[in-house]
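Okay, protein.cif now, which holds mmCIF, C-alpha atoms:
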data_input
loop_
_atom_site.group_PDB
_atom_site.id
_atom_site.type_symbol
_atom_site.label_atom_id
_atom_site.label_comp_id
_atom_site.auth_asym_id
_atom_site.auth_seq_id
_atom_site.Cartn_x
_atom_site.Cartn_y
_atom_site.Cartn_z
ATOM 1 C CA MET Q 162 48.262 53.697 128.933
ATOM 2 C CA THR Q 163 50.263 50.818 127.543
ATOM 3 C CA GLY Q 164 48.871 48.849 124.627
ATOM 4 C CA THR Q 165 48.134 45.152 124.402
ATOM 5 C CA ILE Q 166 51.405 44.188 122.694
ATOM 6 C CA LEU Q 167 53.499 46.134 125.179
ATOM 7 C CA SER Q 168 51.690 44.794 128.250
ATOM 8 C CA TRP Q 169 52.122 41.239 126.936
ATOM 9 C CA ALA Q 170 55.847 41.849 126.316
ATOM 10 C CA LEU Q 171 56.232 43.379 129.798
ATOM 11 C CA GLY Q 172 54.606 40.334 131.375
ATOM 12 C CA PHE Q 173 56.825 37.995 129.374
ATOM 13 C CA ALA Q 174 60.000 39.915 130.292
ATOM 14 C CA LEU Q 175 59.068 39.992 133.987
ATOM 15 C CA ALA Q 176 58.371 36.233 133.947
ATOM 16 C CA CYS Q 177 61.698 35.518 132.200
ATOM 17 C CA ILE Q 178 63.667 37.639 134.665
ATOM 18 C CA SER Q 179 61.909 36.041 137.639
ATOM 19 C CA VAL Q 180 62.723 32.535 136.403
ATOM 20 C CA ALA Q 181 66.312 33.676 135.754
ATOM 21 C CA MET Q 182 66.568 34.899 139.364
ATOM 22 C CA LEU Q 183 65.280 31.543 140.618
ATOM 23 C CA LEU Q 184 67.902 29.708 138.520
ATOM 24 C CA SER Q 185 70.625 31.961 139.959
ATOM 25 C CA LEU Q 186 69.273 31.264 143.447
ATOM 26 C CA PHE Q 187 69.552 27.532 142.723
ATOM 27 C CA ARG Q 188 73.224 28.007 141.780
ATOM 28 C CA LEU Q 189 73.781 30.148 144.896
ATOM 29 C CA VAL Q 190 72.407 27.426 147.161
ATOM 30 C CA ARG Q 191 73.991 24.519 145.286
ATOM 31 C CA GLY Q 192 77.539 25.885 144.940
ATOM 32 C CA PRO Q 193 79.741 23.853 144.885
ATOM 33 C CA THR Q 194 82.715 26.272 144.861
ATOM 34 C CA SER Q 195 82.930 29.798 146.289
ATOM 35 C CA GLY Q 196 83.422 31.184 142.757
ATOM 36 C CA ASP Q 197 80.040 29.767 141.736
ATOM 37 C CA ARG Q 198 78.352 31.527 144.643
ATOM 38 C CA ILE Q 199 80.002 34.863 143.845
ATOM 39 C CA LEU Q 200 78.933 34.497 140.214
ATOM 40 C CA ALA Q 201 75.378 33.615 141.281
ATOM 41 C CA VAL Q 202 75.108 36.706 143.511
ATOM 42 C CA ASP Q 203 76.488 38.881 140.699
ATOM 43 C CA THR Q 204 73.948 37.431 138.251
ATOM 44 C CA MET Q 205 71.088 37.926 140.706
ATOM 45 C CA THR Q 206 71.999 41.587 141.127
ATOM 46 C CA ILE Q 207 72.136 42.120 137.361
ATOM 47 C CA ASN Q 208 68.740 40.399 137.105
ATOM 48 C CA ALA Q 209 67.436 42.737 139.821
ATOM 49 C CA ILE Q 210 68.638 45.734 137.763
ATOM 50 C CA ALA Q 211 66.747 44.395 134.737
ATOM 51 C CA LEU Q 212 63.667 43.830 136.930
ATOM 52 C CA ILE Q 213 63.800 47.436 138.176
ATOM 53 C CA VAL Q 214 64.137 48.786 134.624
ATOM 54 C CA VAL Q 215 61.219 46.691 133.323
ATOM 55 C CA PHE Q 216 59.133 47.798 136.326
ATOM 56 C CA GLY Q 217 59.964 51.406 135.419
ATOM 57 C CA VAL Q 218 58.602 50.815 131.914
ATOM 58 C CA ALA Q 219 55.515 48.983 133.243
ATOM 59 C CA TYR Q 220 54.565 51.854 135.575
ATOM 60 C CA ALA Q 221 55.870 54.597 133.221
ATOM 61 C CA THR Q 222 57.977 56.146 135.975
ATOM 62 C CA GLN Q 223 61.634 57.189 136.031
ATOM 63 C CA THR Q 224 61.892 57.139 139.824
ATOM 64 C CA TYR Q 225 63.624 53.776 140.017
ATOM 65 C CA PHE Q 226 66.607 54.461 137.764
ATOM 66 C CA GLU Q 227 68.776 55.789 140.573
ATOM 67 C CA ALA Q 228 68.146 52.516 142.406
ATOM 68 C CA ALA Q 229 69.226 50.521 139.336
ATOM 69 C CA LEU Q 230 72.364 52.618 138.916
ATOM 70 C CA LEU Q 231 73.297 52.301 142.595
ATOM 71 C CA LEU Q 232 72.667 48.553 142.477
ATOM 72 C CA ALA Q 233 74.956 48.229 139.425
ATOM 73 C CA MET Q 234 77.781 50.036 141.219
ATOM 74 C CA VAL Q 235 77.345 48.206 144.543
ATOM 75 C CA ALA Q 236 77.187 44.832 142.745
ATOM 76 C CA PHE Q 237 80.487 45.483 140.982
ATOM 77 C CA VAL Q 238 82.247 46.611 144.157
ATOM 78 C CA ALA Q 239 80.834 43.622 146.061
ATOM 79 C CA THR Q 240 81.998 41.122 143.419
ATOM 80 C CA VAL Q 241 85.488 42.599 143.333
ATOM 81 C CA ALA Q 242 85.643 42.611 147.151
ATOM 82 C CA TYR Q 243 84.554 38.950 147.361
ATOM 83 C CA CYS Q 244 87.157 37.924 144.759
ATOM 84 C CA LYS Q 245 89.851 39.967 146.486
ATOM 85 C CA PHE Q 246 89.005 38.212 149.724
ATOM 86 C CA LEU Q 247 89.321 34.793 148.076
ATOM 87 C CA LEU Q 248 92.643 35.769 146.486
ATOM 88 C CA ARG Q 249 94.272 37.544 149.395
ATOM 89 C CA GLY Q 250 92.373 36.488 152.513
ATOM 90 C CA ASP Q 251 91.837 40.164 153.227
ATOM 91 C CA ILE Q 252 90.108 43.100 151.544
ATOM 92 C CA VAL Q 253 91.731 46.309 152.772
ATOM 93 C CA GLU Q 254 95.442 45.677 153.327
ATOM 94 C CA MET R 126 52.562 56.193 121.344
ATOM 95 C CA SER R 127 52.749 54.970 117.765
ATOM 96 C CA LEU R 128 52.281 51.291 116.935
ATOM 97 C CA ALA R 129 55.783 51.039 115.446
ATOM 98 C CA ALA R 130 57.419 52.317 118.644
ATOM 99 C CA GLU R 131 55.291 49.946 120.715
ATOM 100 C CA ILE R 132 56.273 46.941 118.573
ATOM 101 C CA LEU R 133 59.957 47.945 118.753
ATOM 102 C CA ILE R 134 59.845 48.300 122.551
ATOM 103 C CA ALA R 135 57.967 44.993 122.903
ATOM 104 C CA ALA R 136 60.495 43.193 120.668
ATOM 105 C CA LEU R 137 63.443 44.577 122.644
ATOM 106 C CA LEU R 138 61.797 43.592 125.954
ATOM 107 C CA VAL R 139 61.091 40.044 124.762
ATOM 108 C CA LEU R 140 64.623 39.714 123.372
ATOM 109 C CA GLY R 141 66.139 41.051 126.601
ATOM 110 C CA GLY R 142 64.019 38.719 128.735
ATOM 111 C CA VAL R 143 64.990 35.688 126.642
ATOM 112 C CA PHE R 144 68.698 36.576 126.816
ATOM 113 C CA ILE R 145 68.543 37.031 130.596
ATOM 114 C CA LEU R 146 66.763 33.679 130.961
ATOM 115 C CA VAL R 147 69.333 31.940 128.725
ATOM 116 C CA GLY R 148 72.211 33.441 130.733
ATOM 117 C CA SER R 149 70.846 32.206 134.043
ATOM 118 C CA TRP R 150 69.894 28.853 132.517
ATOM 119 C CA GLY R 151 73.524 28.463 131.495
ATOM 120 C CA LEU R 152 74.592 29.381 135.028
ATOM 121 C CA ALA R 153 72.376 26.660 136.465
ATOM 122 C CA ARG R 154 72.951 24.011 133.800
ATOM 123 C CA LEU R 155 76.635 24.052 132.733
ATOM 124 C CA PRO R 156 79.087 21.636 134.401
ATOM 125 C CA SER R 157 81.886 23.777 135.871
ATOM 126 C CA LEU R 158 82.634 27.369 136.861
ATOM 127 C CA MET R 159 84.779 28.185 133.827
ATOM 128 C CA THR R 160 81.880 27.239 131.546
ATOM 129 C CA ARG R 161 79.302 28.827 133.854
ATOM 130 C CA LEU R 162 81.066 32.171 133.552
ATOM 131 C CA HIS R 163 79.999 32.413 129.898
ATOM 132 C CA GLY R 164 76.257 32.635 130.549
ATOM 133 C CA PRO R 165 76.006 35.543 132.991
ATOM 134 C CA THR R 166 78.852 37.585 131.541
ATOM 135 C CA LYS R 167 77.705 37.525 127.928
ATOM 136 C CA ALA R 168 74.026 36.624 127.614
ATOM 137 C CA THR R 169 72.773 38.345 130.770
ATOM 138 C CA THR R 170 74.669 41.581 130.067
ATOM 139 C CA LEU R 171 73.234 41.640 126.543
ATOM 140 C CA GLY R 172 69.730 40.980 127.907
ATOM 141 C CA VAL R 173 69.960 43.821 130.412
ATOM 142 C CA GLY R 174 71.227 46.022 127.577
ATOM 143 C CA GLY R 175 68.108 45.115 125.553
ATOM 144 C CA CYS R 176 65.778 45.997 128.463
ATOM 145 C CA LEU R 177 67.597 49.303 129.004
ATOM 146 C CA ILE R 178 67.393 50.254 125.302
ATOM 147 C CA ALA R 179 63.656 49.408 125.383
ATOM 148 C CA SER R 180 63.262 51.719 128.373
ATOM 149 C CA MET R 181 65.322 54.410 126.608
ATOM 150 C CA ILE R 182 62.929 54.300 123.622
ATOM 151 C CA PHE R 183 59.799 54.031 125.803
ATOM 152 C CA PHE R 184 60.073 57.301 127.749
ATOM 153 C CA PRO R 185 60.511 59.737 124.800
ATOM 154 C CA ALA R 186 57.884 57.752 122.818
ATOM 155 C CA SER R 187 55.321 58.096 125.636
ATOM 156 C CA GLY R 188 55.831 61.858 125.909
ATOM 157 C CA GLN R 189 58.165 61.992 128.904
ATOM 158 C CA ALA R 190 61.591 63.604 128.950
ATOM 159 C CA PHE R 191 64.563 61.687 127.561
ATOM 160 C CA SER R 192 67.012 60.648 130.287
ATOM 161 C CA ALA R 193 70.568 59.390 130.005
ATOM 162 C CA HIS R 194 70.267 57.136 133.075
ATOM 163 C CA GLU R 195 69.742 53.997 130.995
ATOM 164 C CA LEU R 196 72.754 54.743 128.836
ATOM 165 C CA LEU R 197 74.808 55.238 131.989
ATOM 166 C CA ILE R 198 73.704 51.866 133.414
ATOM 167 C CA THR R 199 74.345 50.118 130.074
ATOM 168 C CA ILE R 200 77.865 51.506 129.740
ATOM 169 C CA PHE R 201 78.630 50.736 133.375
ATOM 170 C CA LEU R 202 77.426 47.125 133.077
ATOM 171 C CA LEU R 203 79.299 46.574 129.804
ATOM 172 C CA LEU R 204 82.476 47.921 131.403
ATOM 173 C CA THR R 205 82.250 46.000 134.671
ATOM 174 C CA ALA R 206 81.031 42.566 133.458
ATOM 175 C CA PRO R 207 84.402 41.475 131.962
ATOM 176 C CA ILE R 208 86.322 42.820 134.975
ATOM 177 C CA SER R 209 84.236 40.911 137.510
ATOM 178 C CA ALA R 210 84.343 37.767 135.321
ATOM 179 C CA ASN R 211 88.137 38.039 135.165
ATOM 180 C CA MET R 212 88.339 38.449 138.947
ATOM 181 C CA ILE R 213 86.100 35.422 139.552
ATOM 182 C CA ALA R 214 88.107 33.290 137.101
ATOM 183 C CA LYS R 215 91.385 34.337 138.734
ATOM 184 C CA ALA R 216 90.143 33.564 142.241
ATOM 185 C CA HIS R 217 88.787 30.217 141.008
ATOM 186 C CA LEU R 218 92.084 29.269 139.285
ATOM 187 C CA HIS R 219 93.964 30.146 142.447
ATOM 188 C CA ARG R 220 91.708 28.167 144.757
ATOM 189 C CA GLN R 221 91.526 25.131 142.452
ATOM 190 C CA GLY R 222 95.291 25.142 141.933
ATOM 191 C CA HIS R 223 95.869 25.126 145.671
ATOM 192 C CA ARG R 224 92.994 22.678 146.302
ATOM 193 C CA ILE R 225 91.195 24.994 148.686
ATOM 194 C CA ASP R 226 87.705 24.408 147.325
ATOM 195 C CA PRO R 227 86.121 21.123 148.410
ATOM 196 C CA ASN R 228 84.955 19.911 144.992
ATOM 197 C CA PRO R 229 87.664 20.172 142.339
ATOM 198 C CA SER R 230 86.334 20.940 138.883
ATOM 199 C CA ASP R 231 87.760 21.979 135.485
ATOM 200 C CA ASP R 232 90.771 19.656 136.035
ATOM 201 C CA ILE R 233 92.865 22.604 137.152
ATOM 202 C CA VAL R 234 95.942 21.265 138.952
ATOM 203 C CA GLU R 235 98.608 23.928 138.606
ATOM 204 C CA GLY R 236 96.814 27.106 139.650
ATOM 205 C CA LEU R 237 97.461 30.401 137.936
ATOM 206 C CA PRO R 238 99.653 30.384 134.806
ATOM 207 C CA ALA R 239 103.020 32.144 134.987
ATOM 208 C CA PRO R 240 102.655 35.952 134.882
ATOM 209 C CA PRO R 241 104.621 38.107 132.398
ATOM 210 C CA ALA R 242 108.348 38.473 133.099
ATOM 211 C CA GLY R 243 109.256 40.362 136.236
ATOM 212 C CA GLY R 244 105.731 40.361 137.702
ATOM 213 C CA ASP R 245 103.825 38.225 140.149
ATOM 214 C CA TRP R 246 100.141 37.520 140.739
ATOM 215 C CA ALA R 247 98.631 39.346 143.694
ATOM 216 C CA THR R 248 97.653 36.185 145.563
ATOM 217 C CA PHE R 249 98.621 34.666 148.847
ATOM 218 C CA GLN R 250 100.431 31.336 148.738
ATOM 219 C CA GLY R 251 97.756 28.834 149.726
ATOM 220 C CA GLY R 252 98.060 25.057 149.831
ATOM 221 C CA GLU R 253 99.889 22.704 152.106
ATOM 222 C CA ASP R 254 102.656 24.864 153.581
ATOM 223 C CA GLU R 255 100.581 28.022 153.990
ATOM 224 C CA PRO R 256 97.179 28.574 155.656
ATOM 225 C CA ALA R 257 94.224 28.598 153.265
ATOM 226 C CA VAL R 258 93.193 32.099 154.328
ATOM 227 C CA ARG R 259 95.799 34.574 155.479
ATOM 228 C CA ARG R 260 94.517 36.135 158.692
ATOM 229 C CA PRO R 261 95.157 39.819 159.378
ATOM 230 C CA PRO R 262 97.791 40.295 162.114
ATOM 231 C CA GLN R 263 96.401 40.022 165.626
ATOM 232 C CA THR R 264 96.255 43.309 167.523
ATOM 233 C CA GLU R 265 96.621 43.026 171.264
#
Please go through the file and, once you have read it, give me the structure as structure tokens.
Amino acid sequence: MTGTILSWALGFALACISVAMLLSLFRLVRGPTSGDRILAVDTMTINAIALIVVFGVAYATQTYFEAALLLAMVAFVATVAYCKFLLRGDIVE
Amino acid sequence: MSLAAEILIAALLVLGGVFILVGSWGLARLPSLMTRLHGPTKATTLGVGGCLIASMIFFPASGQAFSAHELLITIFLLLTAPISANMIAKAHLHRQGHRIDPNPSDDIVEGLPAPPAGGDWATFQGGEDEPAVRRPPQTE
């Protein structure tokens, strides 16, 4: 199906995204402030979206796009909710 | 699939992967949150955009139907990245200004800057005279 150049590029992209997720995980564990952890979770979710998209290209399937779209929306709502909690001490007032 | 399309998709994938890696590297490497915000909000969003454009070229080039899903995700990410970054920065300024976080960074001592005339920031008053986290009222 996919040629040599494309399969090499897919492998490279998957490796890059995996390392990026590990670096975000390091920041999530390390902290030191709550803002850092929120940012790390947000970055990990965006990396997961990229991983899903690259997987879709690797397996030539469009099944996973709904998952990526849902993840994008949930990640945004989660980040805003976390920040709102830090600012207000409450989410739904 | 033609060789030109394959090379274009491969280049976009490699570029996207490198940008995502650089964004997360900045997140792990830079010294404080205000600098760390730059990596994920700019580089990572651009990298995801590259991967999504590669996917958008791949499916029509390999004979499958064109779908607008990728475009939708790209627009959504480009719209939401600055908003979430702004929220994180605001929460961080607030917490650093009121010395709620254990490890002060960025040398922030005064909290949020003064809002435009007549308005007020939507934050609770933390610090010494107020509790760090405002609890919801107790229901008996």
Exercise for the section: Pull out every residue of chain Q sitting within 8 Å of chain R, counting all atoms listed in the file, and send them as a VMD selection string. Expected result: chain Q and resid 164 166 to 167 170 to 171 173 to 175 177 to 178 180 to 182 184 to 185 187 to 188 193 to 197 199 to 201 204 207 to 208 210 to 211 214 to 215 217 to 218 221 226 to 227 229 to 230 233 to 234 237 240 to 241 244 to 245 247 to 251
Exercise for the section: Work out how far atom CA of Q:Leu232 is from atom CA of R:Lys167, in Å to one decimal. Expected result: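 Atom CA of Q:Leu232 lies at a distance of 18.9 Å from atom CA of R:Lys167.
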Handout entry: Atomic separation - atom CA of Q:Arg191 relative to atom CA of Q:Leu231, Å
Key =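 If I compute the distance from atom CA of Q:Leu231 to atom CA of Q:Arg191, I get 27.9 Å.
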Exercise for the section: Give me, please, the distance in Å between atom CA of R:Gly222 and atom CA of Q:Ala236, quoted to one decimal. Expected result: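 So the two atoms, atom CA of R:Gly222 and atom CA of Q:Ala236, lie 26.8 Å apart.
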Handout entry: Contact residues around Q:Val202 with all atoms listed in the file at 8 Å, ignoring same-chain residues under 4 positions, as an MDAnalysis selection string
Key = chainID Q and resid 185:186 189 198 206
Got time to write the residues from that selection, C-alpha atoms, as a PDB file, in the frame of the given file?
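And here's again_11.pdb as it stands now:
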ATOM      1  CA  SER Q 185      70.625  31.961 139.959  1.00  0.00           C
ATOM      2  CA  LEU Q 186      69.273  31.264 143.447  1.00  0.00           C
ATOM      3  CA  LEU Q 189      73.781  30.148 144.896  1.00  0.00           C
ATOM      4  CA  ARG Q 198      78.352  31.527 144.643  1.00  0.00           C
ATOM      5  CA  THR Q 206      71.999  41.587 141.127  1.00  0.00           C
TER       6      THR Q 206
END
How big is the axis-aligned box, and where does its centre sit, when it encloses all atoms of stretch 163-182 of chain Q listed in the file and has 3 Å added on every side, reported in Å to one decimal as AutoDock Vina command-line options?
--center_x 57.4 --center_y 41.7 --center_z 131.0 --size_x 24.4 --size_y 24.3 --size_z 22.7
Export N, CA and C atoms of stretch 179-201 of chain R from the structure just given, as an mmCIF file, in the first residue's frame?
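In the end it all went to result.cif:
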data_model
loop_
_atom_site.group_PDB
_atom_site.id
_atom_site.type_symbol
_atom_site.label_atom_id
_atom_site.label_comp_id
_atom_site.auth_asym_id
_atom_site.auth_seq_id
_atom_site.Cartn_x
_atom_site.Cartn_y
_atom_site.Cartn_z
ATOM 1 N N ALA R 179 -1.204 16.649 6.043
ATOM 2 C CA ALA R 179 -0.695 15.440 5.395
ATOM 3 C C ALA R 179 -1.806 14.420 5.225
ATOM 4 N N SER R 180 -2.600 14.241 6.293
ATOM 5 C CA SER R 180 -3.714 13.289 6.231
ATOM 6 C C SER R 180 -4.759 13.748 5.212
ATOM 7 N N MET R 181 -4.970 15.063 5.121
ATOM 8 C CA MET R 181 -5.972 15.610 4.201
ATOM 9 C C MET R 181 -5.547 15.386 2.752
ATOM 10 N N ILE R 182 -4.219 15.388 2.489
ATOM 11 C CA ILE R 182 -3.740 15.114 1.130
ATOM 12 C C ILE R 182 -3.733 13.612 0.871
ATOM 13 N N PHE R 183 -3.445 12.812 1.931
ATOM 14 C CA PHE R 183 -3.264 11.370 1.753
ATOM 15 C C PHE R 183 -4.529 10.681 1.239
ATOM 16 N N PHE R 184 -5.695 10.985 1.856
ATOM 17 C CA PHE R 184 -6.889 10.202 1.529
ATOM 18 C C PHE R 184 -7.375 10.413 0.098
ATOM 19 N N PRO R 185 -7.473 11.658 -0.433
ATOM 20 C CA PRO R 185 -7.837 11.780 -1.853
ATOM 21 C C PRO R 185 -6.771 11.182 -2.777
ATOM 22 N N ALA R 186 -5.461 11.304 -2.378
ATOM 23 C CA ALA R 186 -4.385 10.805 -3.232
ATOM 24 C C ALA R 186 -4.397 9.283 -3.317
ATOM 25 N N SER R 187 -4.880 8.603 -2.241
ATOM 26 C CA SER R 187 -4.894 7.141 -2.256
ATOM 27 C C SER R 187 -6.245 6.605 -2.723
ATOM 28 N N GLY R 188 -7.083 7.455 -3.299
ATOM 29 C CA GLY R 188 -8.315 6.969 -3.916
ATOM 30 C C GLY R 188 -9.530 6.964 -3.021
ATOM 31 N N GLN R 189 -9.374 7.373 -1.740
ATOM 32 C CA GLN R 189 -10.548 7.406 -0.875
ATOM 33 C C GLN R 189 -11.217 8.770 -0.949
ATOM 34 N N ALA R 190 -12.418 8.850 -0.366
ATOM 35 C CA ALA R 190 -13.178 10.096 -0.448
ATOM 36 C C ALA R 190 -12.516 11.191 0.382
ATOM 37 N N PHE R 191 -12.619 12.421 -0.107
ATOM 38 C CA PHE R 191 -12.116 13.572 0.660
ATOM 39 C C PHE R 191 -13.046 13.818 1.844
ATOM 40 N N SER R 192 -12.466 14.088 3.030
ATOM 41 C CA SER R 192 -13.308 14.391 4.184
ATOM 42 C C SER R 192 -12.843 15.688 4.819
ATOM 43 N N ALA R 193 -13.778 16.416 5.381
ATOM 44 C CA ALA R 193 -13.472 17.716 5.980
ATOM 45 C C ALA R 193 -13.144 17.599 7.462
ATOM 46 N N HIS R 194 -13.048 16.352 7.984
ATOM 47 C CA HIS R 194 -12.777 16.171 9.404
ATOM 48 C C HIS R 194 -11.479 16.847 9.831
ATOM 49 N N GLU R 195 -10.431 16.644 9.011
ATOM 50 C CA GLU R 195 -9.111 17.178 9.362
ATOM 51 C C GLU R 195 -9.149 18.690 9.449
ATOM 52 N N LEU R 196 -9.837 19.293 8.466
ATOM 53 C CA LEU R 196 -9.947 20.750 8.452
ATOM 54 C C LEU R 196 -10.643 21.234 9.713
ATOM 55 N N LEU R 197 -11.682 20.474 10.105
ATOM 56 C CA LEU R 197 -12.442 20.824 11.313
ATOM 57 C C LEU R 197 -11.539 20.782 12.547
ATOM 58 N N ILE R 198 -10.732 19.703 12.660
ATOM 59 C CA ILE R 198 -9.833 19.576 13.814
ATOM 60 C C ILE R 198 -8.795 20.692 13.797
ATOM 61 N N THR R 199 -8.242 20.989 12.605
ATOM 62 C CA THR R 199 -7.227 22.046 12.499
ATOM 63 C C THR R 199 -7.782 23.381 12.951
ATOM 64 N N ILE R 200 -8.959 23.744 12.431
ATOM 65 C CA ILE R 200 -9.547 25.037 12.798
ATOM 66 C C ILE R 200 -9.841 25.071 14.287
ATOM 67 N N PHE R 201 -10.379 23.955 14.807
ATOM 68 C CA PHE R 201 -10.716 23.926 16.231
ATOM 69 C C PHE R 201 -9.472 24.092 17.100
#
